[in-house]
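Listing of run-v3.csv, CSV, C-alpha atoms and all ligand atoms
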chain,number,residue,atom,x,y,z
A,1,MET,CA,-45.4,-14.5,-45.8
A,2,LYS,CA,-42.4,-16.0,-47.5
A,3,PRO,CA,-40.7,-13.8,-50.1
A,4,VAL,CA,-39.7,-15.2,-53.5
A,5,ILE,CA,-36.0,-15.7,-53.8
A,6,GLU,CA,-34.3,-15.1,-57.1
A,7,VAL,CA,-30.7,-15.4,-58.4
A,8,LEU,CA,-29.5,-13.0,-61.0
A,9,LYS,CA,-26.1,-12.7,-62.6
A,10,GLY,CA,-25.0,-9.1,-63.3
A,11,ASP,CA,-24.4,-5.7,-62.0
A,12,LEU,CA,-26.3,-4.6,-58.9
A,13,THR,CA,-26.3,-1.0,-59.9
A,14,LYS,CA,-28.5,-1.9,-62.9
A,15,VAL,CA,-31.1,-3.8,-60.8
A,16,GLN,CA,-34.6,-2.5,-60.5
A,17,ALA,CA,-35.6,-3.1,-56.9
A,18,ASP,CA,-36.9,-0.8,-54.1
A,19,ALA,CA,-33.7,-1.3,-52.2
A,20,ILE,CA,-30.2,-2.5,-53.1
A,21,VAL,CA,-27.7,-3.4,-50.5
A,22,ASN,CA,-24.2,-2.1,-50.5
A,23,ALA,CA,-21.3,-4.2,-49.2
A,24,ALA,CA,-19.8,-1.1,-47.6
A,25,ASN,CA,-16.8,-0.6,-45.4
A,26,SER,CA,-17.1,0.9,-41.9
A,27,SER,CA,-16.0,4.4,-43.0
A,28,LEU,CA,-19.1,4.6,-45.2
A,29,LEU,CA,-17.0,6.8,-47.5
A,30,GLY,CA,-16.9,4.4,-50.5
A,31,GLY,CA,-14.3,1.8,-51.5
A,32,GLY,CA,-13.7,-0.7,-54.2
A,33,GLY,CA,-15.8,-3.6,-55.6
A,34,VAL,CA,-19.6,-3.2,-55.4
A,35,ASP,CA,-19.2,-0.2,-53.1
A,36,GLY,CA,-17.2,1.8,-55.7
A,37,ALA,CA,-19.7,0.8,-58.4
A,38,ILE,CA,-22.7,2.0,-56.4
A,39,HIS,CA,-21.1,5.4,-55.6
A,40,ARG,CA,-19.9,5.8,-59.2
A,41,ALA,CA,-23.3,5.0,-60.7
A,42,GLY,CA,-25.4,6.6,-58.0
A,43,GLY,CA,-23.6,9.9,-57.9
A,44,LYS,CA,-22.7,12.4,-55.1
A,45,GLN,CA,-26.0,12.3,-53.3
A,46,ILE,CA,-25.3,8.9,-51.8
A,47,LEU,CA,-21.9,10.0,-50.5
A,48,ASP,CA,-23.3,13.2,-49.1
A,49,GLU,CA,-25.9,11.2,-47.1
A,50,CYS,CA,-23.2,8.8,-46.0
A,51,ILE,CA,-21.2,11.7,-44.7
A,52,GLU,CA,-24.2,13.0,-42.8
A,53,ILE,CA,-24.7,9.6,-41.2
A,54,ARG,CA,-21.1,9.5,-40.2
A,55,ASN,CA,-21.3,12.9,-38.7
A,56,ARG,CA,-24.3,11.8,-36.7
A,57,GLN,CA,-23.3,8.3,-35.5
A,58,GLY,CA,-19.7,7.8,-36.4
A,59,LYS,CA,-18.6,4.7,-38.3
A,60,CYS,CA,-21.0,1.8,-39.2
A,61,LYS,CA,-20.1,-1.3,-37.2
A,62,THR,CA,-19.6,-4.6,-38.8
A,63,GLY,CA,-22.9,-6.4,-39.2
A,64,GLU,CA,-25.0,-3.2,-38.9
A,65,ALA,CA,-26.8,-1.4,-41.6
A,66,VAL,CA,-27.8,2.2,-42.5
A,67,VAL,CA,-29.8,3.7,-45.3
A,68,THR,CA,-29.5,6.5,-47.9
A,69,SER,CA,-31.4,7.4,-51.0
A,70,ALA,CA,-30.2,5.9,-54.2
A,71,GLY,CA,-29.2,9.0,-56.2
A,72,ASN,CA,-29.2,8.2,-59.9
A,73,LEU,CA,-29.7,4.5,-59.5
A,74,PRO,CA,-33.0,2.9,-60.4
A,75,ALA,CA,-33.6,1.7,-56.8
A,76,LYS,CA,-35.2,3.9,-54.2
A,77,TYR,CA,-32.8,3.2,-51.3
A,78,VAL,CA,-29.3,2.0,-50.8
A,79,ILE,CA,-28.9,0.0,-47.6
A,80,HIS,CA,-25.2,0.1,-46.6
A,81,THR,CA,-24.1,-2.9,-44.5
A,82,VAL,CA,-20.6,-3.7,-43.4
A,83,GLY,CA,-19.6,-7.3,-43.9
A,84,PRO,CA,-16.8,-9.0,-41.8
A,85,VAL,CA,-13.3,-9.4,-43.2
A,86,TRP,CA,-12.7,-13.2,-43.2
A,87,ASN,CA,-10.1,-14.0,-40.6
A,88,ASN,CA,-10.5,-17.8,-40.0
A,89,ASN,CA,-12.7,-17.3,-37.0
A,90,GLU,CA,-15.6,-19.1,-38.6
A,91,GLU,CA,-18.1,-18.7,-35.8
A,92,LYS,CA,-17.6,-15.0,-35.3
A,93,SER,CA,-17.4,-14.1,-39.0
A,94,SER,CA,-20.5,-16.2,-39.7
A,95,THR,CA,-22.6,-14.4,-37.0
A,96,LEU,CA,-21.4,-11.0,-38.3
A,97,LEU,CA,-22.3,-11.9,-41.9
A,98,ALA,CA,-25.7,-13.2,-40.8
A,99,ASN,CA,-26.3,-9.9,-39.0
A,100,CYS,CA,-25.7,-8.0,-42.2
A,101,TYR,CA,-28.6,-9.9,-43.9
A,102,ILE,CA,-30.9,-9.6,-40.8
A,103,ASN,CA,-30.2,-5.9,-40.2
A,104,SER,CA,-30.6,-5.0,-43.9
A,105,LEU,CA,-33.9,-6.9,-44.0
A,106,LYS,CA,-35.2,-5.3,-40.8
A,107,LEU,CA,-34.3,-1.8,-42.2
A,108,ALA,CA,-36.0,-2.7,-45.5
A,109,GLU,CA,-39.1,-3.8,-43.7
A,110,SER,CA,-39.2,-0.6,-41.8
A,111,LEU,CA,-39.1,1.3,-45.1
A,112,ASP,CA,-41.9,-0.7,-46.7
A,113,VAL,CA,-39.6,-2.2,-49.3
A,114,LYS,CA,-41.2,-4.9,-51.4
A,115,THR,CA,-38.1,-5.9,-53.4
A,116,ILE,CA,-34.6,-6.0,-52.2
A,117,ALA,CA,-31.4,-7.0,-54.0
A,118,PHE,CA,-28.2,-8.2,-52.2
A,119,PRO,CA,-24.7,-8.6,-53.5
A,120,ASN,CA,-22.6,-11.5,-52.2
A,121,ILE,CA,-21.5,-9.6,-49.2
A,122,SER,CA,-17.8,-10.1,-48.0
A,123,THR,CA,-16.9,-12.5,-50.8
A,124,GLY,CA,-14.8,-10.0,-52.7
A,125,ILE,CA,-12.1,-7.9,-51.1
A,126,TYR,CA,-13.0,-9.3,-47.7
A,127,HIS,CA,-12.3,-12.9,-48.8
A,128,PHE,CA,-15.2,-14.7,-47.0
A,129,PRO,CA,-15.4,-18.3,-48.5
A,130,LYS,CA,-18.1,-18.1,-51.1
A,131,GLU,CA,-19.9,-21.3,-50.4
A,132,LEU,CA,-20.2,-20.6,-46.6
A,133,ALA,CA,-21.2,-17.0,-47.3
A,134,ALA,CA,-24.0,-18.2,-49.7
A,135,LYS,CA,-25.3,-20.8,-47.1
A,136,ILE,CA,-25.5,-18.1,-44.5
A,137,ALA,CA,-27.2,-15.6,-46.9
A,138,ILE,CA,-29.8,-18.1,-48.0
A,139,GLN,CA,-30.4,-19.4,-44.5
A,140,GLU,CA,-31.0,-15.9,-43.1
A,141,VAL,CA,-33.3,-14.7,-45.8
A,142,GLN,CA,-35.4,-17.9,-45.6
A,143,LYS,CA,-35.6,-17.6,-41.8
A,144,PHE,CA,-36.7,-13.9,-41.9
A,145,ASN,CA,-40.3,-13.4,-41.1
A,146,THR,CA,-41.8,-10.5,-43.1
A,147,GLU,CA,-45.1,-8.9,-43.8
A,148,LYS,CA,-43.9,-6.6,-46.5
A,149,ILE,CA,-41.0,-7.9,-48.5
A,150,GLU,CA,-42.2,-9.8,-51.5
A,151,LYS,CA,-39.0,-10.6,-53.4
A,152,ILE,CA,-35.3,-11.0,-52.5
A,153,ILE,CA,-32.8,-11.0,-55.3
A,154,PHE,CA,-29.2,-12.3,-54.9
A,155,VAL,CA,-27.2,-10.5,-57.5
A,156,CYS,CA,-24.0,-12.5,-58.4
A,157,PHE,CA,-21.3,-10.7,-60.2
A,158,ASP,CA,-19.2,-13.8,-60.9
A,159,GLU,CA,-20.1,-17.1,-62.3
A,160,GLU,CA,-18.8,-19.0,-59.3
A,161,ASN,CA,-21.2,-17.3,-56.9
A,162,GLU,CA,-24.1,-17.8,-59.4
A,163,THR,CA,-23.4,-21.5,-59.6
A,164,ILE,CA,-23.2,-21.8,-55.8
A,165,TYR,CA,-26.5,-20.0,-55.2
A,166,ASP,CA,-28.3,-22.0,-58.0
A,167,LYS,CA,-27.1,-25.2,-56.5
A,168,LEU,CA,-27.9,-24.4,-52.9
A,169,LEU,CA,-31.4,-23.1,-53.7
A,170,LYS,CA,-32.1,-26.2,-55.8
A,171,GLU,CA,-31.1,-28.4,-52.9
A,172,LYS,CA,-33.6,-26.6,-50.7
A,173,GLN,CA,-36.6,-27.2,-53.0
B,201,LIG,P1,-16.5,-7.1,-49.7
B,201,LIG,O1,-15.5,-6.0,-49.3
B,201,LIG,O2,-17.7,-7.1,-48.8
B,201,LIG,O3,-15.9,-8.4,-50.0
B,201,LIG,P2,-16.7,-6.5,-52.6
B,201,LIG,O4,-17.4,-5.4,-53.3
B,201,LIG,O5,-15.2,-6.6,-52.8
B,201,LIG,O6,-17.1,-6.4,-51.1
B,201,LIG,O7,-17.3,-7.9,-53.0
B,201,LIG,C1,-18.6,-8.3,-52.7
B,201,LIG,C2,-19.2,-9.1,-53.9
B,201,LIG,O8,-19.7,-8.1,-54.8
B,201,LIG,C3,-18.2,-9.9,-54.6
B,201,LIG,O9,-18.8,-11.2,-54.9
B,201,LIG,C4,-18.0,-9.1,-55.9
B,201,LIG,O10,-17.7,-10.0,-57.0
B,201,LIG,C5,-19.3,-8.5,-56.1
B,201,LIG,N1,-19.4,-7.3,-56.9
B,201,LIG,C6,-18.4,-6.4,-57.3
B,201,LIG,N2,-19.0,-5.4,-58.1
B,201,LIG,C7,-20.3,-5.7,-58.2
B,201,LIG,C8,-21.4,-5.1,-58.9
B,201,LIG,N3,-21.3,-4.0,-59.7
B,201,LIG,N4,-22.6,-5.7,-58.8
B,201,LIG,C9,-22.8,-6.8,-58.1
B,201,LIG,N5,-21.8,-7.4,-57.4
B,201,LIG,C10,-20.6,-6.9,-57.5
Go ahead and render the structure in this file as structure tokens.
Amino acid sequence: MKPVIEVLKGDLTKVQADAIVNAANSSLLGGGGVDGAIHRAGGKQILDECIEIRNRQGKCKTGEAVVTSAGNLPAKYVIHTVGPVWNNNEEKSSTLLANCYINSLKLAESLDVKTIAFPNISTGIYHFPKELAAKIAIQEVQKFNTEKIEKIIFVCFDEENETIYDKLLKEKQ
């Protein structure tokens, strides 16, 4: 089954989906950007669960993903994945960013998630080039074989990302 892919402009914390993905940092203790917005809107429950995960497994490595409940958010789960900081090593950074999407989707599949919403991971504070990040994101979700996930939403906070996603997805049709 191939999930439907949608592009939405707006705030990820407002999106109605079974799971939303957080562009977290490896500490799992919250930060700026979308991470800060998720913790602010979701409340203390999410941070408490992140702290439990840290106590159990230590930090979350780049490209990996962990899950918590979604506190006060409309979603059921928050999948926290750690994107790479862009450092001009295109090959390494691209593989790590691809892993964020793959590992988040695998985790979602294991949780019987039907709809999942992603932010544009690494394209904020971590400075990954937006067009390359979008190409990787789209390629990985289109490659992913799933029995359960029905819809994947790319939630773009800025117009530049929305334009890039719209353009790339149109080219693929
Ligand atoms: P990173 O550290 O992975 O770069 P950021 O949170 O700084 O994470 O940025 C990732 C993307 O999330 C950026 O494109 C940023 O514009 C976007 N973003 C920031 N706040 C929100 C939000 N509330 N909803 C959706 N996307 C957001």
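For the residues A:Lys76, A:Lys106, A:His127, A:Lys143, ranking by smallest atom-to-atom distance to Val15 in chain A using all atoms listed in the file places A:Lys76 first.
Candidate residues A:Leu29, A:Ile136, A:Cys60, A:Ile51 were compared for distance to Glu91 in chain A, and the nearest is A:Ile136, using only C-alpha atoms.
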Notebook entry, point to check: So which residues fall inside 8 Å of (-32.8, -4.8, -49.1) if we count only C-alpha atoms? Mind giving them as number ranges by chain?
Noted result: A: 18-21, 78-79, 104-105, 107-108, 113, 115-118, 152
Check: Which of these residues is nearest to Thr146 in chain A, using only C-alpha atoms: A:Lys130, A:Lys114, A:Lys170, A:His80?
Finding: A:Lys114
Would you give me, as CSV, each residue of chain A having an atom within 8 Å of an atom of ligand LIG 201 (chain B), along with its shortest atom pair and that distance in Å to one decimal, using all atoms listed in the file and sorting by chain and residue number?
residue,atom,partner,partner_atom,distance
A:Gly10,CA,B:LIG201,C9,6.1
A:Asp11,CA,B:LIG201,N4,3.7
A:Leu12,CA,B:LIG201,N4,3.9
A:Thr13,CA,B:LIG201,N3,5.8
A:Ala23,CA,B:LIG201,O2,4.6
A:Ala24,CA,B:LIG201,O2,6.5
A:Asn25,CA,B:LIG201,O1,6.8
A:Gly32,CA,B:LIG201,O4,6.0
A:Gly33,CA,B:LIG201,O4,3.3
A:Val34,CA,B:LIG201,N2,3.5
A:Asp35,CA,B:LIG201,O4,5.5
A:Gly36,CA,B:LIG201,O4,7.6
A:Ala37,CA,B:LIG201,N3,5.2
A:Ile38,CA,B:LIG201,N3,7.0
A:Val82,CA,B:LIG201,O2,7.0
A:Gly83,CA,B:LIG201,O2,5.3
A:Pro84,CA,B:LIG201,O2,7.3
A:Val85,CA,B:LIG201,O1,7.3
A:Pro119,CA,B:LIG201,N5,5.0
A:Asn120,CA,B:LIG201,C2,4.5
A:Ile121,CA,B:LIG201,O2,4.6
A:Ser122,CA,B:LIG201,O2,3.1
A:Thr123,CA,B:LIG201,O3,4.3
A:Gly124,CA,B:LIG201,O7,3.3
A:Ile125,CA,B:LIG201,O5,3.8
A:Tyr126,CA,B:LIG201,O3,3.8
A:His127,CA,B:LIG201,O3,5.9
A:Phe128,CA,B:LIG201,O3,7.0
A:Lys130,CA,B:LIG201,O9,7.9
A:Val155,CA,B:LIG201,C9,5.8
A:Cys156,CA,B:LIG201,N5,5.6
A:Phe157,CA,B:LIG201,N5,4.4
A:Asp158,CA,B:LIG201,O10,5.6
A:Asn161,CA,B:LIG201,O9,6.9
Would you export the selected residues with C-alpha atoms as a compact mmCIF listing (two decimals), keeping the file's coordinate frame, please?
# COMPACT_ATOMS: atom_id res chain seq x y z
CA GLY A 10 -25.00 -9.10 -63.30
CA ASP A 11 -24.40 -5.70 -62.00
CA LEU A 12 -26.30 -4.60 -58.90
CA THR A 13 -26.30 -1.00 -59.90
CA ALA A 23 -21.30 -4.20 -49.20
CA ALA A 24 -19.80 -1.10 -47.60
CA ASN A 25 -16.80 -0.60 -45.40
CA GLY A 32 -13.70 -0.70 -54.20
CA GLY A 33 -15.80 -3.60 -55.60
CA VAL A 34 -19.60 -3.20 -55.40
CA ASP A 35 -19.20 -0.20 -53.10
CA GLY A 36 -17.20 1.80 -55.70
CA ALA A 37 -19.70 0.80 -58.40
CA ILE A 38 -22.70 2.00 -56.40
CA VAL A 82 -20.60 -3.70 -43.40
CA GLY A 83 -19.60 -7.30 -43.90
CA PRO A 84 -16.80 -9.00 -41.80
CA VAL A 85 -13.30 -9.40 -43.20
CA PRO A 119 -24.70 -8.60 -53.50
CA ASN A 120 -22.60 -11.50 -52.20
CA ILE A 121 -21.50 -9.60 -49.20
CA SER A 122 -17.80 -10.10 -48.00
CA THR A 123 -16.90 -12.50 -50.80
CA GLY A 124 -14.80 -10.00 -52.70
CA ILE A 125 -12.10 -7.90 -51.10
CA TYR A 126 -13.00 -9.30 -47.70
CA HIS A 127 -12.30 -12.90 -48.80
CA PHE A 128 -15.20 -14.70 -47.00
CA LYS A 130 -18.10 -18.10 -51.10
CA VAL A 155 -27.20 -10.50 -57.50
CA CYS A 156 -24.00 -12.50 -58.40
CA PHE A 157 -21.30 -10.70 -60.20
CA ASP A 158 -19.20 -13.80 -60.90
CA ASN A 161 -21.20 -17.30 -56.90
Notebook entry, point to check: Residues around (-34.7, -13.1, -60.5), cut-off 9 Å, counting all atoms listed in the file - what are they as a list in words?
Noted result: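 Checking each residue against the 9 Å limit leaves Val4, Ile5, Glu6, Val7, Leu8, Lys9, Lys151, Ile152, Ile153, Phe154 and Val155 of chain A.
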Item checked: Coordinates-based distance that separates CA of Leu73 in chain A from CA of Glu159 in chain A (Å, one decimal) ->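 These atoms are spaced 23.8 Å apart.
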Write out as a JSON list (two decimals) with C-alpha atoms, in the frame of the given file the residues lying within 10 Å of Leu169 in chain A, counting only C-alpha atoms and excluding same-chain residues fewer than 4 positions away.
[["chain", "number", "residue", "atom", "x", "y", "z"],
["A", 5, "ILE", "CA", -36.00, -15.70, -53.80],
["A", 6, "GLU", "CA", -34.30, -15.10, -57.10],
["A", 7, "VAL", "CA", -30.70, -15.40, -58.40],
["A", 134, "ALA", "CA", -24.00, -18.20, -49.70],
["A", 135, "LYS", "CA", -25.30, -20.80, -47.10],
["A", 138, "ILE", "CA", -29.80, -18.10, -48.00],
["A", 139, "GLN", "CA", -30.40, -19.40, -44.50],
["A", 164, "ILE", "CA", -23.20, -21.80, -55.80],
["A", 165, "TYR", "CA", -26.50, -20.00, -55.20],
["A", 173, "GLN", "CA", -36.60, -27.20, -53.00]]
Hey, could you patch up range 145-165 of chain A with N, CA, C and O atoms and hand it over as a PDB file, in the frame of the given file?
ATOM      1  N   ASN A 145     -38.895 -13.481 -41.076  1.00  0.00           N
ATOM      2  CA  ASN A 145     -40.300 -13.400 -41.100  1.00  0.00           C
ATOM      3  C   ASN A 145     -40.715 -11.951 -41.576  1.00  0.00           C
ATOM      4  O   ASN A 145     -40.311 -10.995 -40.947  1.00  0.00           O
ATOM      5  N   THR A 146     -41.477 -11.853 -42.641  1.00  0.00           N
ATOM      6  CA  THR A 146     -41.800 -10.500 -43.100  1.00  0.00           C
ATOM      7  C   THR A 146     -43.240 -10.392 -43.558  1.00  0.00           C
ATOM      8  O   THR A 146     -43.826 -11.349 -44.070  1.00  0.00           O
ATOM      9  N   GLU A 147     -43.760  -9.224 -43.332  1.00  0.00           N
ATOM     10  CA  GLU A 147     -45.100  -8.900 -43.800  1.00  0.00           C
ATOM     11  C   GLU A 147     -45.092  -8.186 -45.113  1.00  0.00           C
ATOM     12  O   GLU A 147     -46.086  -8.117 -45.816  1.00  0.00           O
ATOM     13  N   LYS A 148     -43.959  -7.584 -45.413  1.00  0.00           N
ATOM     14  CA  LYS A 148     -43.900  -6.600 -46.500  1.00  0.00           C
ATOM     15  C   LYS A 148     -43.057  -7.020 -47.698  1.00  0.00           C
ATOM     16  O   LYS A 148     -43.358  -6.697 -48.838  1.00  0.00           O
ATOM     17  N   ILE A 149     -41.918  -7.652 -47.418  1.00  0.00           N
ATOM     18  CA  ILE A 149     -41.000  -7.900 -48.500  1.00  0.00           C
ATOM     19  C   ILE A 149     -41.482  -9.085 -49.341  1.00  0.00           C
ATOM     20  O   ILE A 149     -41.774 -10.168 -48.820  1.00  0.00           O
ATOM     21  N   GLU A 150     -41.593  -8.837 -50.632  1.00  0.00           N
ATOM     22  CA  GLU A 150     -42.200  -9.800 -51.500  1.00  0.00           C
ATOM     23  C   GLU A 150     -41.106 -10.608 -52.307  1.00  0.00           C
ATOM     24  O   GLU A 150     -41.292 -11.751 -52.678  1.00  0.00           O
ATOM     25  N   LYS A 151     -40.002  -9.904 -52.594  1.00  0.00           N
ATOM     26  CA  LYS A 151     -39.000 -10.600 -53.400  1.00  0.00           C
ATOM     27  C   LYS A 151     -37.564 -10.186 -52.935  1.00  0.00           C
ATOM     28  O   LYS A 151     -37.276  -9.015 -52.656  1.00  0.00           O
ATOM     29  N   ILE A 152     -36.712 -11.203 -52.858  1.00  0.00           N
ATOM     30  CA  ILE A 152     -35.300 -11.000 -52.500  1.00  0.00           C
ATOM     31  C   ILE A 152     -34.454 -11.520 -53.631  1.00  0.00           C
ATOM     32  O   ILE A 152     -34.615 -12.667 -54.057  1.00  0.00           O
ATOM     33  N   ILE A 153     -33.597 -10.654 -54.145  1.00  0.00           N
ATOM     34  CA  ILE A 153     -32.800 -11.000 -55.300  1.00  0.00           C
ATOM     35  C   ILE A 153     -31.303 -11.111 -54.862  1.00  0.00           C
ATOM     36  O   ILE A 153     -30.771 -10.136 -54.318  1.00  0.00           O
ATOM     37  N   PHE A 154     -30.663 -12.246 -55.125  1.00  0.00           N
ATOM     38  CA  PHE A 154     -29.200 -12.300 -54.900  1.00  0.00           C
ATOM     39  C   PHE A 154     -28.547 -12.030 -56.245  1.00  0.00           C
ATOM     40  O   PHE A 154     -28.709 -12.783 -57.218  1.00  0.00           O
ATOM     41  N   VAL A 155     -27.822 -10.931 -56.285  1.00  0.00           N
ATOM     42  CA  VAL A 155     -27.200 -10.500 -57.500  1.00  0.00           C
ATOM     43  C   VAL A 155     -25.716 -10.970 -57.489  1.00  0.00           C
ATOM     44  O   VAL A 155     -24.929 -10.488 -56.668  1.00  0.00           O
ATOM     45  N   CYS A 156     -25.401 -11.939 -58.345  1.00  0.00           N
ATOM     46  CA  CYS A 156     -24.000 -12.500 -58.400  1.00  0.00           C
ATOM     47  C   CYS A 156     -23.269 -11.864 -59.515  1.00  0.00           C
ATOM     48  O   CYS A 156     -23.742 -11.828 -60.647  1.00  0.00           O
ATOM     49  N   PHE A 157     -22.098 -11.372 -59.190  1.00  0.00           N
ATOM     50  CA  PHE A 157     -21.300 -10.700 -60.200  1.00  0.00           C
ATOM     51  C   PHE A 157     -20.412 -11.684 -60.937  1.00  0.00           C
ATOM     52  O   PHE A 157     -20.088 -11.499 -62.089  1.00  0.00           O
ATOM     53  N   ASP A 158     -20.058 -12.752 -60.242  1.00  0.00           N
ATOM     54  CA  ASP A 158     -19.200 -13.800 -60.900  1.00  0.00           C
ATOM     55  C   ASP A 158     -19.938 -15.079 -61.016  1.00  0.00           C
ATOM     56  O   ASP A 158     -20.867 -15.378 -60.261  1.00  0.00           O
ATOM     57  N   GLU A 159     -19.469 -15.860 -61.991  1.00  0.00           N
ATOM     58  CA  GLU A 159     -20.100 -17.100 -62.300  1.00  0.00           C
ATOM     59  C   GLU A 159     -20.073 -18.108 -61.137  1.00  0.00           C
ATOM     60  O   GLU A 159     -21.002 -18.864 -60.907  1.00  0.00           O
ATOM     61  N   GLU A 160     -18.947 -18.071 -60.422  1.00  0.00           N
ATOM     62  CA  GLU A 160     -18.800 -19.000 -59.300  1.00  0.00           C
ATOM     63  C   GLU A 160     -19.893 -18.839 -58.286  1.00  0.00           C
ATOM     64  O   GLU A 160     -20.519 -19.807 -57.857  1.00  0.00           O
ATOM     65  N   ASN A 161     -20.154 -17.602 -57.915  1.00  0.00           N
ATOM     66  CA  ASN A 161     -21.200 -17.300 -56.900  1.00  0.00           C
ATOM     67  C   ASN A 161     -22.585 -17.738 -57.513  1.00  0.00           C
ATOM     68  O   ASN A 161     -23.414 -18.309 -56.805  1.00  0.00           O
ATOM     69  N   GLU A 162     -22.804 -17.439 -58.785  1.00  0.00           N
ATOM     70  CA  GLU A 162     -24.100 -17.800 -59.400  1.00  0.00           C
ATOM     71  C   GLU A 162     -24.328 -19.302 -59.306  1.00  0.00           C
ATOM     72  O   GLU A 162     -25.402 -19.767 -58.926  1.00  0.00           O
ATOM     73  N   THR A 163     -23.287 -20.062 -59.651  1.00  0.00           N
ATOM     74  CA  THR A 163     -23.400 -21.500 -59.600  1.00  0.00           C
ATOM     75  C   THR A 163     -23.673 -22.016 -58.190  1.00  0.00           C
ATOM     76  O   THR A 163     -24.507 -22.897 -57.976  1.00  0.00           O
ATOM     77  N   ILE A 164     -22.988 -21.435 -57.219  1.00  0.00           N
ATOM     78  CA  ILE A 164     -23.200 -21.800 -55.800  1.00  0.00           C
ATOM     79  C   ILE A 164     -24.620 -21.548 -55.371  1.00  0.00           C
ATOM     80  O   ILE A 164     -25.294 -22.401 -54.784  1.00  0.00           O
ATOM     81  N   TYR A 165     -25.105 -20.357 -55.667  1.00  0.00           N
ATOM     82  CA  TYR A 165     -26.500 -20.000 -55.200  1.00  0.00           C
ATOM     83  C   TYR A 165     -27.509 -20.881 -55.929  1.00  0.00           C
ATOM     84  O   TYR A 165     -28.449 -21.352 -55.292  1.00  0.00           O
TER      85      TYR A 165
END
